[in-house]
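Trainee: Following this line is upload_30.cif, made up of mmCIF, C-alpha atoms and all ligand atoms:
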data_model
#
loop_
_atom_site.label_atom_id
_atom_site.label_comp_id
_atom_site.auth_asym_id
_atom_site.auth_seq_id
_atom_site.Cartn_x
_atom_site.Cartn_y
_atom_site.Cartn_z
CA MET N 1 29.96 -2.58 96.90
CA THR N 2 29.55 0.08 99.60
CA ILE N 3 26.31 1.98 99.38
CA MET N 4 25.37 5.13 101.21
CA VAL N 5 21.77 5.04 102.41
CA THR N 6 20.53 8.50 103.34
CA GLY N 7 17.55 8.24 105.69
CA GLY N 8 18.63 4.66 106.39
CA ALA N 9 17.35 4.73 109.97
CA GLY N 10 13.79 5.54 108.88
CA TYR N 11 10.86 3.25 108.21
CA ILE N 12 11.63 2.33 104.60
CA GLY N 13 15.37 2.95 104.88
CA SER N 14 15.82 0.44 107.71
CA HIS N 15 14.21 -2.26 105.56
CA VAL N 16 16.34 -1.25 102.57
CA CYS N 17 19.49 -1.54 104.72
CA VAL N 18 18.53 -5.04 105.85
CA GLU N 19 17.99 -6.23 102.27
CA LEU N 20 21.23 -4.61 101.07
CA MET N 21 23.23 -6.26 103.84
CA ARG N 22 21.53 -9.62 103.20
CA ALA N 23 22.64 -9.30 99.59
CA GLY N 24 26.26 -8.84 100.73
CA HIS N 25 26.64 -5.08 100.34
CA SER N 26 28.37 -2.86 102.89
CA ILE N 27 26.31 0.13 103.86
CA VAL N 28 26.82 3.54 105.37
CA ILE N 29 23.69 5.01 106.92
CA PHE N 30 23.64 8.79 106.69
CA ASP N 31 20.80 10.15 108.83
CA ASN N 32 20.18 13.11 111.12
CA PHE N 33 17.55 11.17 113.11
CA CYS N 34 15.01 13.98 112.81
CA ASN N 35 12.29 11.36 112.29
CA SER N 36 13.88 8.12 113.41
CA HIS N 37 15.41 6.30 116.34
CA ARG N 38 18.95 5.15 116.94
CA GLU N 39 17.50 1.89 118.20
CA ALA N 40 16.44 1.15 114.61
CA VAL N 41 20.13 0.98 113.67
CA ASN N 42 20.82 -1.52 116.46
CA ARG N 43 17.93 -3.64 115.22
CA ILE N 44 19.25 -3.58 111.64
CA GLY N 45 22.49 -4.94 113.07
CA VAL N 46 20.64 -7.69 114.94
CA ILE N 47 18.78 -8.83 111.82
CA ALA N 48 21.80 -8.61 109.52
CA GLY N 49 24.29 -10.02 112.02
CA VAL N 50 26.68 -7.09 111.42
CA SER N 51 26.44 -3.56 112.78
CA PRO N 52 26.04 -1.01 110.01
CA THR N 53 28.23 2.09 109.84
CA VAL N 54 26.27 5.19 110.84
CA ILE N 55 27.08 8.82 110.17
CA ASP N 56 24.96 11.24 112.16
CA GLY N 57 24.64 13.93 109.54
CA ASP N 58 22.30 16.17 107.61
CA VAL N 59 22.11 15.88 103.82
CA ARG N 60 22.30 19.67 103.67
CA ASP N 61 25.89 19.35 104.97
CA ARG N 62 27.58 18.91 101.60
CA GLY N 63 31.09 18.75 103.08
CA LEU N 64 30.21 15.90 105.43
CA LEU N 65 28.42 14.06 102.63
CA ALA N 66 31.44 14.37 100.35
CA SER N 67 33.94 13.27 103.00
CA THR N 68 31.71 10.31 103.91
CA LEU N 69 31.35 9.23 100.27
CA ALA N 70 35.11 9.48 99.82
CA ASN N 71 36.19 7.93 103.13
CA TYR N 72 33.99 4.88 102.70
CA ARG N 73 34.58 4.61 98.95
CA CYS N 74 30.86 4.50 98.26
CA SER N 75 29.92 3.55 94.73
CA ALA N 76 26.20 4.32 94.93
CA VAL N 77 23.68 6.28 96.97
CA ILE N 78 20.14 5.34 97.86
CA HIS N 79 18.52 8.61 98.84
CA LEU N 80 15.57 8.22 101.18
CA ALA N 81 16.25 11.14 103.53
CA GLY N 82 13.39 13.56 103.41
CA LEU N 83 10.40 14.96 105.22
CA LYS N 84 7.07 13.38 104.28
CA SER N 85 4.14 14.91 106.12
CA ILE N 86 1.70 16.52 103.72
CA ALA N 87 0.02 18.62 106.40
CA GLU N 88 3.36 19.92 107.68
CA SER N 89 4.47 20.71 104.13
CA VAL N 90 1.39 22.93 103.76
CA SER N 91 1.98 24.77 107.04
CA ASP N 92 5.78 25.03 106.68
CA PRO N 93 6.72 24.76 103.00
CA ILE N 94 10.15 26.37 103.44
CA ARG N 95 11.21 23.51 105.68
CA TYR N 96 10.18 21.05 102.97
CA TYR N 97 11.89 22.81 100.07
CA ASP N 98 14.98 23.31 102.20
CA ASN N 99 15.20 19.75 103.48
CA ASN N 100 14.03 17.84 100.43
CA VAL N 101 15.05 19.94 97.42
CA TYR N 102 18.11 21.76 98.79
CA GLY N 103 19.17 18.56 100.60
CA THR N 104 19.09 16.62 97.33
CA LEU N 105 20.97 19.38 95.52
CA GLY N 106 23.74 19.11 98.13
CA LEU N 107 23.79 15.38 97.71
CA VAL N 108 24.20 15.44 93.94
CA GLN N 109 26.94 18.08 94.27
CA ALA N 110 28.76 15.90 96.80
CA MET N 111 28.39 12.93 94.45
CA ARG N 112 29.84 14.94 91.58
CA ASP N 113 32.70 16.17 93.78
CA THR N 114 33.61 12.61 94.71
CA GLY N 115 32.89 10.83 91.41
CA VAL N 116 29.93 8.78 92.61
CA HIS N 117 27.66 8.15 89.64
CA LYS N 118 24.81 5.94 90.80
CA LEU N 119 21.72 7.22 92.56
CA VAL N 120 18.40 5.65 93.53
CA PHE N 121 15.83 8.20 94.65
CA SER N 122 12.64 7.76 96.72
CA SER N 123 9.84 9.49 94.90
CA SER N 124 6.15 9.00 95.48
CA ALA N 125 2.90 8.27 93.68
CA THR N 126 1.85 11.64 95.05
CA VAL N 127 3.56 13.23 91.99
CA TYR N 128 0.62 12.07 89.84
CA GLY N 129 -2.00 14.07 91.77
CA ALA N 130 -5.61 13.07 91.10
CA PRO N 131 -5.65 10.10 88.71
CA VAL N 132 -6.97 10.81 85.23
CA TYR N 133 -7.04 7.05 84.58
CA LEU N 134 -6.21 3.86 86.46
CA PRO N 135 -3.97 1.99 86.88
CA LEU N 136 -1.43 4.82 86.98
CA ARG N 137 1.30 4.40 84.39
CA GLU N 138 4.59 6.26 84.63
CA ASP N 139 3.57 8.51 81.72
CA HIS N 140 0.45 9.70 83.53
CA PRO N 141 0.36 13.53 83.81
CA LEU N 142 2.18 14.90 86.85
CA ALA N 143 0.20 17.30 89.03
CA PRO N 144 1.04 17.04 92.73
CA CYS N 145 -1.40 19.00 94.86
CA ASN N 146 0.68 19.87 97.93
CA PRO N 147 4.17 21.21 98.69
CA TYR N 148 5.49 17.77 99.71
CA GLY N 149 4.48 16.35 96.33
CA ARG N 150 5.97 19.33 94.56
CA THR N 151 9.32 18.79 96.29
CA LYS N 152 9.32 15.23 94.91
CA LEU N 153 8.46 16.43 91.41
CA MET N 154 11.09 19.20 91.52
CA ILE N 155 13.71 16.66 92.55
CA GLU N 156 12.66 14.32 89.73
CA GLN N 157 13.01 17.22 87.28
CA MET N 158 16.37 18.26 88.70
CA LEU N 159 17.65 14.70 88.40
CA GLY N 160 16.33 14.52 84.83
CA ASP N 161 18.28 17.69 83.92
CA LEU N 162 21.41 16.31 85.55
CA ALA N 163 21.16 13.00 83.75
CA ALA N 164 20.70 14.84 80.44
CA SER N 165 23.82 16.92 81.08
CA ASP N 166 26.12 14.14 82.27
CA GLY N 167 26.19 10.83 80.44
CA SER N 168 28.14 9.15 83.24
CA LEU N 169 25.26 9.46 85.70
CA LYS N 170 22.97 6.53 86.41
CA ILE N 171 19.74 7.52 88.13
CA ALA N 172 16.72 5.48 89.19
CA ILE N 173 13.58 7.25 90.35
CA LEU N 174 11.23 4.98 92.27
CA ARG N 175 7.64 6.12 92.75
CA TYR N 176 6.35 4.32 95.81
CA PHE N 177 2.67 3.66 96.28
CA ASN N 178 1.57 2.86 99.88
CA PRO N 179 4.30 1.07 101.85
CA ALA N 180 2.88 -1.02 104.67
CA GLY N 181 3.86 -3.80 107.06
CA ALA N 182 7.17 -4.47 108.72
CA HIS N 183 10.11 -6.84 108.65
CA GLU N 184 8.93 -10.39 109.31
CA SER N 185 11.12 -10.55 112.45
CA GLY N 186 9.04 -7.84 114.11
CA LEU N 187 12.30 -6.07 115.03
CA ILE N 188 11.92 -3.07 112.74
CA GLY N 189 8.78 -1.31 111.55
CA GLU N 190 6.97 1.98 111.26
CA ASP N 191 7.06 4.17 114.35
CA PRO N 192 5.53 7.51 113.47
CA ARG N 193 5.93 10.41 115.88
CA GLY N 194 2.65 11.73 117.31
CA THR N 195 -0.63 10.81 115.67
CA PRO N 196 -0.10 8.69 112.56
CA ASN N 197 -1.26 10.28 109.31
CA ASN N 198 -1.31 7.02 107.40
CA VAL N 199 -3.95 4.38 107.85
CA MET N 200 -1.82 1.28 108.54
CA PRO N 201 0.12 2.56 111.58
CA PHE N 202 -3.11 4.11 112.87
CA LEU N 203 -4.87 0.74 112.63
CA ALA N 204 -1.99 -0.96 114.42
CA GLN N 205 -2.19 1.58 117.26
CA VAL N 206 -5.94 1.00 117.61
CA ALA N 207 -5.36 -2.74 117.74
CA ILE N 208 -2.75 -2.38 120.50
CA GLY N 209 -5.06 -0.11 122.49
CA ARG N 210 -3.19 3.17 122.08
CA ARG N 211 -6.16 4.72 120.24
CA PRO N 212 -9.89 4.04 120.70
CA HIS N 213 -10.93 3.72 117.07
CA LEU N 214 -9.96 4.29 113.47
CA THR N 215 -11.62 7.27 111.86
CA ILE N 216 -12.46 6.39 108.25
CA PHE N 217 -12.35 9.47 106.09
CA GLY N 218 -15.25 9.23 103.66
CA LYS N 219 -17.76 6.49 102.89
CA ASP N 220 -19.25 8.02 99.76
CA TYR N 221 -16.42 7.58 97.26
CA ASP N 222 -17.09 6.02 93.91
CA THR N 223 -15.50 2.72 95.00
CA PRO N 224 -17.06 -0.71 95.64
CA ASP N 225 -17.69 -0.03 99.35
CA GLY N 226 -17.52 3.79 99.36
CA THR N 227 -14.14 4.01 101.16
CA GLY N 228 -10.83 5.06 99.61
CA VAL N 229 -8.89 2.51 97.57
CA ARG N 230 -5.07 2.37 97.65
CA ASP N 231 -2.22 0.19 96.48
CA TYR N 232 -0.55 -1.09 99.66
CA LEU N 233 2.75 -2.86 99.21
CA HIS N 234 4.86 -4.73 101.71
CA VAL N 235 7.85 -2.68 102.83
CA THR N 236 10.15 -5.67 102.30
CA ASP N 237 9.00 -5.97 98.68
CA LEU N 238 9.63 -2.25 98.36
CA ALA N 239 13.12 -2.67 99.84
CA VAL N 240 13.91 -5.47 97.40
CA GLY N 241 12.82 -3.13 94.60
CA HIS N 242 15.79 -0.89 95.51
CA LEU N 243 18.21 -3.78 95.02
CA ARG N 244 16.67 -4.57 91.67
CA ALA N 245 16.98 -0.89 90.71
CA LEU N 246 20.68 -0.87 91.59
CA ASP N 247 21.17 -3.99 89.44
CA ALA N 248 19.16 -2.50 86.58
CA LEU N 249 21.35 0.62 86.59
CA GLU N 250 24.14 -1.63 85.33
CA ARG N 251 22.10 -2.14 82.15
CA GLN N 252 20.24 1.13 81.83
CA ASP N 253 21.21 4.69 82.82
CA ARG N 254 17.82 6.22 83.53
CA ILE N 255 14.96 4.52 85.26
CA LYS N 256 11.63 5.91 86.41
CA VAL N 257 9.22 3.29 87.73
CA ASN N 258 6.25 2.76 89.99
CA LEU N 259 6.66 0.37 92.87
CA GLY N 260 3.26 -0.98 93.85
CA THR N 261 1.27 -4.19 93.58
CA GLY N 262 -1.27 -3.07 90.99
CA ARG N 263 -4.06 -4.10 93.36
CA GLY N 264 -6.47 -1.70 95.03
CA THR N 265 -7.64 -2.27 98.60
CA SER N 266 -10.35 -0.24 100.31
CA VAL N 267 -10.09 1.05 103.87
CA LEU N 268 -12.81 -1.39 104.94
CA ASP N 269 -10.97 -4.32 103.28
CA LEU N 270 -7.84 -3.26 105.13
CA VAL N 271 -9.66 -3.06 108.49
CA GLU N 272 -11.03 -6.56 107.92
CA ALA N 273 -7.61 -7.96 107.00
CA PHE N 274 -5.94 -6.30 109.98
CA SER N 275 -8.65 -7.50 112.32
CA ALA N 276 -8.11 -11.07 111.10
CA ALA N 277 -4.34 -10.71 111.56
CA CYS N 278 -4.52 -9.45 115.15
CA GLY N 279 -7.59 -11.40 116.20
CA LYS N 280 -9.27 -8.27 117.55
CA HIS N 281 -12.29 -6.23 116.61
CA ILE N 282 -11.19 -2.81 115.29
CA PRO N 283 -13.72 -0.11 116.13
CA VAL N 284 -14.27 2.39 113.32
CA VAL N 285 -16.00 5.75 113.13
CA PHE N 286 -16.91 7.37 109.83
CA ALA N 287 -16.05 11.01 109.22
CA PRO N 288 -16.15 13.32 106.18
CA ARG N 289 -13.56 12.94 103.43
CA ARG N 290 -10.03 14.14 104.18
CA GLU N 291 -9.03 17.14 102.13
CA GLY N 292 -6.78 16.25 99.22
CA ASP N 293 -7.72 12.55 99.19
CA VAL N 294 -8.66 10.80 95.96
CA ALA N 295 -11.15 7.94 95.63
CA SER N 296 -8.74 5.39 94.16
CA SER N 297 -5.07 5.12 93.37
CA TYR N 298 -3.14 2.06 92.23
CA ALA N 299 -0.15 1.39 90.07
CA SER N 300 0.53 -0.11 86.74
CA CYS N 301 3.45 -2.42 87.53
CA ASP N 302 4.34 -3.49 84.01
CA LEU N 303 7.38 -1.23 83.69
CA ALA N 304 8.88 -2.35 87.01
CA GLN N 305 8.47 -5.96 85.91
CA GLN N 306 10.00 -5.22 82.52
CA ILE N 307 12.92 -3.00 83.57
CA LEU N 308 13.71 -4.23 87.06
CA GLY N 309 12.40 -7.79 86.79
CA TRP N 310 10.62 -6.92 90.03
CA ARG N 311 7.14 -7.52 91.27
CA ALA N 312 5.64 -7.55 94.74
CA THR N 313 5.30 -11.05 96.17
CA ARG N 314 3.76 -10.42 99.60
CA ASP N 315 0.01 -9.98 99.97
CA LEU N 316 -2.21 -7.90 102.23
CA LYS N 317 -2.38 -10.73 104.76
CA ALA N 318 1.41 -10.70 105.10
CA MET N 319 1.45 -6.89 105.44
CA CYS N 320 -1.11 -7.01 108.27
CA ARG N 321 0.55 -10.00 109.96
CA ASP N 322 3.96 -8.33 109.96
CA ALA N 323 2.64 -4.89 110.96
CA TRP N 324 0.90 -6.57 113.89
CA LYS N 325 3.99 -8.55 114.85
CA TRP N 326 5.98 -5.33 114.96
CA GLN N 327 3.32 -3.38 116.86
CA SER N 328 2.54 -6.15 119.37
CA SER N 329 6.24 -6.77 120.10
CA ASN N 330 6.91 -3.02 120.42
CA PRO N 331 3.68 -1.43 121.72
CA GLN N 332 5.32 1.98 122.04
CA GLY N 333 7.53 1.54 118.98
CA TYR N 334 11.28 2.01 119.42
CA GLY N 335 10.59 4.19 122.44
CA ASP N 336 9.24 1.22 124.35
CA PRO N 337 11.38 0.45 127.40
CA ARG N 338 11.34 -3.18 126.23
CA SER N 339 12.78 -2.13 122.86
CA SER N 340 16.39 -2.02 123.92
CA SER N 341 16.32 -5.13 126.08
P1 LIG T 401 10.94 8.26 107.54
O1 LIG T 401 10.63 9.61 108.07
O2 LIG T 401 10.69 7.09 108.41
O3 LIG T 401 12.45 8.20 107.05
C1 LIG T 401 13.14 9.32 106.54
C2 LIG T 401 14.51 9.35 107.20
O4 LIG T 401 15.24 10.46 106.68
C3 LIG T 401 14.44 9.53 108.72
O5 LIG T 401 15.32 8.60 109.32
C4 LIG T 401 14.93 10.95 108.94
O6 LIG T 401 15.56 11.09 110.19
C5 LIG T 401 15.87 11.14 107.77
N1 LIG T 401 16.06 12.53 107.34
C6 LIG T 401 15.10 13.45 107.05
N2 LIG T 401 15.69 14.61 106.69
C7 LIG T 401 17.03 14.42 106.74
C8 LIG T 401 18.15 15.24 106.48
N3 LIG T 401 18.01 16.51 106.12
N4 LIG T 401 19.38 14.70 106.61
C9 LIG T 401 19.54 13.42 106.99
N5 LIG T 401 18.52 12.61 107.28
C10 LIG T 401 17.27 13.09 107.15
O7 LIG T 401 10.14 8.12 106.15
P2 LIG T 401 9.95 6.86 105.23
O8 LIG T 401 8.51 6.50 105.24
O9 LIG T 401 10.94 5.83 105.54
O10 LIG T 401 10.23 7.52 103.82
C11 LIG T 401 11.51 7.47 103.21
C12 LIG T 401 11.44 8.23 101.89
O11 LIG T 401 10.44 7.65 101.07
C13 LIG T 401 11.10 9.70 102.04
O12 LIG T 401 11.87 10.43 101.11
C14 LIG T 401 9.63 9.75 101.67
O13 LIG T 401 9.26 10.99 101.15
C15 LIG T 401 9.54 8.66 100.62
N6 LIG T 401 8.20 8.09 100.50
C16 LIG T 401 7.59 7.55 101.60
C17 LIG T 401 6.31 7.03 101.49
C18 LIG T 401 5.61 6.43 102.68
O14 LIG T 401 4.41 6.20 102.62
N7 LIG T 401 6.28 6.14 103.78
C19 LIG T 401 5.65 7.04 100.25
C20 LIG T 401 6.31 7.59 99.15
C21 LIG T 401 7.60 8.11 99.28
C1 LIG T 402 -0.80 9.62 101.79
C2 LIG T 402 -0.42 10.90 101.15
C3 LIG T 402 0.44 10.61 99.93
C4 LIG T 402 1.65 9.75 100.29
C5 LIG T 402 1.10 8.48 100.94
C6 LIG T 402 2.18 7.55 101.36
C7 LIG T 402 -2.31 12.37 101.67
C8 LIG T 402 -3.44 13.16 101.10
N1 LIG T 402 -1.60 11.63 100.79
O1 LIG T 402 -1.51 8.92 100.84
O2 LIG T 402 0.88 11.80 99.34
O3 LIG T 402 2.38 9.43 99.12
O4 LIG T 402 0.34 8.84 102.09
O5 LIG T 402 2.89 8.15 102.41
O6 LIG T 402 -2.05 12.43 102.86
N2 LIG T 402 -7.50 6.90 105.97
C9 LIG T 402 -8.52 6.80 106.90
N3 LIG T 402 -8.23 7.07 108.20
C10 LIG T 402 -6.98 7.45 108.62
C11 LIG T 402 -5.94 7.54 107.65
C12 LIG T 402 -6.25 7.27 106.33
O7 LIG T 402 -9.65 6.49 106.55
O8 LIG T 402 -6.79 7.68 109.81
C13 LIG T 402 -7.80 6.55 104.57
C14 LIG T 402 -7.52 7.66 103.59
O9 LIG T 402 -8.65 8.47 103.44
C15 LIG T 402 -7.17 6.86 102.32
C16 LIG T 402 -6.51 5.57 102.86
O10 LIG T 402 -6.94 5.48 104.22
O11 LIG T 402 -8.34 6.49 101.64
C17 LIG T 402 -4.99 5.64 102.83
O12 LIG T 402 -4.56 6.81 103.49
P1 LIG T 402 -3.02 7.07 103.82
O13 LIG T 402 -2.45 5.91 104.51
O14 LIG T 402 -2.92 8.39 104.50
O15 LIG T 402 -2.33 7.12 102.39
P2 LIG T 402 -2.70 8.03 101.10
O16 LIG T 402 -3.85 8.90 101.34
O17 LIG T 402 -2.74 7.14 99.93
#
With the file now loaded, output its structure as structure tokens.
Ligand code: NAD
Ligand code: UD1
Mentor:
Amino acid sequence: MTIMVTGGAGYIGSHVCVELMRAGHSIVIFDNFCNSHREAVNRIGVIAGVSPTVIDGDVRDRGLLASTLANYRCSAVIHLAGLKSIAESVSDPIRYYDNNVYGTLGLVQAMRDTGVHKLVFSSSATVYGAPVYLPLREDHPLAPCNPYGRTKLMIEQMLGDLAASDGSLKIAILRYFNPAGAHESGLIGEDPRGTPNNVMPFLAQVAIGRRPHLTIFGKDYDTPDGTGVRDYLHVTDLAVGHLRALDALERQDRIKVNLGTGRGTSVLDLVEAFSAACGKHIPVVFAPRREGDVASSYASCDLAQQILGWRATRDLKAMCRDAWKWQSSNPQGYGDPRSSS
């Protein structure tokens, strides 16, 4: 089966490509590299032993999408291409609606034009907004509190309408919790541009000496140690979840599931685990809560187990070990002069 992976050069997409290729699928990466590096594609090839096909394109280019789907006879699309910075979505919402919502509209039109019926979409736990109860089940109320989250919810709704109108469509919506870690080889991983927003890449950059300390946002939450609790899941487990979703679409037309571990980890727990993994003390500084943050968020994973037969198998120790392997082998990420050697 040939699968188009939009955003396949990005953090999660690169790991999805590796797992797809390991499972014997051919892939076509469709990415405009607005938030990724071409070197990531070379690394995917090194891990998989075969160079993936890459189309340098924007998902808002419906014609190029359609010709790519047709030329490579793709039978499914995994759609990860999107912008994901919450702060940027607040300051420049048009860019987010254009890229994420309009981009997905172009994609589904191109799929219709070329008779491609299977789609797996990257949504986010951010669609739930502040938890009313925990763990978060898929039927929890949806109330995203920023433009980024609203683009994800709008896309979910658009895909729901499409599925209702066309019985031949098979659509899986995957709501990711907090992806973390890297491929066990240390060849691919998360390489955010500028200052990382998320805690794991920030921690890794402190450990490697690129930043002096981790700022912990809030120590007065209603959690066991006062710091925020999240559901971190290994990016390889997350990638495998996409394979399981593709398989499950053979049995079921519409899927909407959380991908998480069901376990909550506080920021202080994470610092301790990362420190153990890298063998270094991680300096921390406490600061006030970050706007928009919730005390705790973690998934109910029952539906993923039931529908996909999937559950996360890698623990926090593995996430920290692999994140550190990636960071220590590539101190400056893919931009490191040693990266291409
Ligand atoms: P990423 O930025 O590393 O990857 C996204 C990829 O999409 C990049 O390679 C980028 O160049 C590409 N892209 C963006 N806009 C494009 C466009 N218009 N046309 C073609 N390519 C485009 O991000 P990621 O962390 O790998 O996230 C992948 C997806 O998962 C995103 O849709 C994101 O919203 C979603 N998600 C991520 C997280 C997370 O914590 N990383 C959590 C929940 C959901
Ligand atoms: C963030 C996004 C969320 C998105 C998710 C995965 C916000 C408000 N939410 O979630 O929509 O789905 O990423 O991409 O940005 N922390 C620190 N110091 C830091 C960074 C984070 O203490 O430098 C803390 C946060 O307060 C939080 C925890 O670490 O308690 C995790 O933060 P982060 O990695 O940004 O993920 P989320 O907030 O869950």
Trainee: Counting all atoms listed in the file, find the residues whose atoms lie at most 12 Å from (27.4, 13.6, 108.0) (file coordinates) and write them out as a PyMOL selection string.
Mentor: chain N and resi 4-7+28-33+53-71+106-107+110
Trainee: List the spatial neighbours of Tyr97 in chain N as JSON, numbers by chain - criterion: any atom at most 9 Å away, only C-alpha atoms, same-chain residues fewer than 5 positions off excluded.
Mentor: {"N": [89, 102, 103, 147, 148, 150, 151]}
Trainee: From the options N:Arg254, N:Arg244, N:Arg73, N:Arg263, which residue's atoms come nearest to Ser168 in chain N, counting only C-alpha atoms?
Mentor: N:Arg254
Trainee: Counting all atoms listed in the file, what residues are within 6 Å of ligand LIG 402 (chain T), given as a PyMOL selection string?
Mentor: chain N and resi 86+124-126+178+197-199+202+214-217+228-230+267+290+292-293
Trainee: By how many Å are CA of Arg321 in chain N and CA of His183 in chain N apart?
Mentor: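 That distance, rounded to one decimal, is 10.2 Å.
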Trainee: If you measure from CA of Ala276 in chain N to CA of Pro192 in chain N, what distance in Å do you get, rounded to one decimal?
Mentor: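 CA of Pro192 in chain N lies at a distance of 23.2 Å from CA of Ala276 in chain N.
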Trainee: Suppose you want the space between CA of Glu190 in chain N and CA of Pro288 in chain N; what is it in Å?
Mentor: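 Value for the CA of Glu190 in chain N-CA of Pro288 in chain N distance: 26.2 Å.
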Trainee: Which residue is closest to Gly279 in chain N? Choose from N:Trp310, N:Tyr176, N:Tyr128, N:Trp324 and count all atoms listed in the file.
Mentor: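 Among the listed residues, the smallest separation from Gly279 in chain N belongs to N:Trp324.
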Trainee: Hey, which of N:Ser185, N:Asn100, N:Ser296, N:Thr261 ends up closest to Asp222 in chain N? Count all atoms listed in the file.
Mentor: N:Ser296
Trainee: Taking all atoms listed in the file into account, which of N:Val257, N:Val90, N:Val284, N:Leu20 comes nearest Arg137 in chain N?
Mentor: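 Counting all atoms listed in the file, the residue closest to Arg137 in chain N is N:Val257.
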Trainee: Go through N:Tyr221, N:Tyr72, N:Phe121, N:Phe274 one by one, measure the shortest atom-to-atom distance of each to Leu246 in chain N using all atoms listed in the file, and give the residue with the smallest value.
Mentor: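 Smallest distance to Leu246 in chain N is found for N:Phe121.
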